Amino acid sequence: MENPFTEEQLTLFNSPLPLPLLSQRKGASGGMLKYIEGHDAIDQANRLFGYGNWACRTLSCVQAILIDPVNGESVGIAYKAQVELTVRGCVAPIVEVGSQPVASWNVTDVVMGRRKKEDTSPIQNWEKASAQRTIVEAHEHAEKGAVTDALKRALRTFGNQFGNSLYGDGHVDIPETYNGTQSPQRATTTASAQSQNGATPIITVATLKPLFASAYNIPADKLEEKWPMFVVSVLKKPVADKDLQIHQLGQLHGAIVAREKEKEQAARAKAQKSAA
């Protein structure tokens, strides 16, 4: 069967995971877990497969009560979702499951968690109502999170660009020089760094500085003065250009991307206001 992907797509699939897409959070055991956000995974799918060349649908999403097998008591609530991913040209759809625990599910626990430790007075009606709203929101968040988790697990079938290397031992294959591949939104900030033949730019200080100047409207004669201030604002410490590490270049690049997004949003808002 002919491969449904072009050589360009296959090259992108085999590229390292872009650092700006890498997020971390504290896990249940206290360690730091690496992951990519659901919206970034969708951006990656649009970029790599192409708009309209992939689709997903939720086959099921159910609430499950988690039981302690020793004493039979409920210890929590989670949502379990099953999602089907279809990519044009592939031999078959991919079905994966995902789950998300409900962060708040018991009125008493929510109320007492908000009180001072010594306050054991009866629960007031307003406290109960507030706790119930929190629980409803927690269920909504968990239900959506379970579907997103299932989708991300299905997408990781296509490799490192969807965070597959984050599973197992959590190793992320990042080269000595960060060769960043961006989603459609991120690509706008690196257009000036593209080479003549359209190759993906190498993210270095030399390529970041002009992007920084463009994003923050820095005049050429002020660039060397403003750049160190920008580095400190992002990294929370001064770092000489020659000492910047790969992950730090990724942080600086991410800040520039965020700035470009802010400018785009402000421009859209201004245009909408003018149109009104």
# chains A, B, ... in the order shown; residues from 1 in each chain; ligands from 1
>>> select_by_dssp(residues="range 29-233 of chain A", states="helix (DSSP H, G or I)", output="number ranges by chain")
A: 38-49, 107-114, 125-158, 160-162, 164-166, 184-193, 205-216, 220-233
>>> residues_around(residues="range 129-131 of chain A", least_positions_apart="3", cutoff="6 Å", atoms="only C-alpha atoms", output="ChimeraX atom specification")
/A:107,110,126,134
>>> residues_around(residues="Ser23 in chain A", least_positions_apart="6", cutoff="7 Å", atoms="only C-alpha atoms", output="PDB file with C-alpha atoms, in the first residue's frame")
ATOM      1  CA  LYS A  34       6.056  16.390  30.720  1.00  0.00           C
ATOM      2  CA  TYR A  35       3.148  16.728  28.309  1.00  0.00           C
ATOM      3  CA  ILE A  36       1.723  18.758  25.433  1.00  0.00           C
TER       4      ILE A  36
END
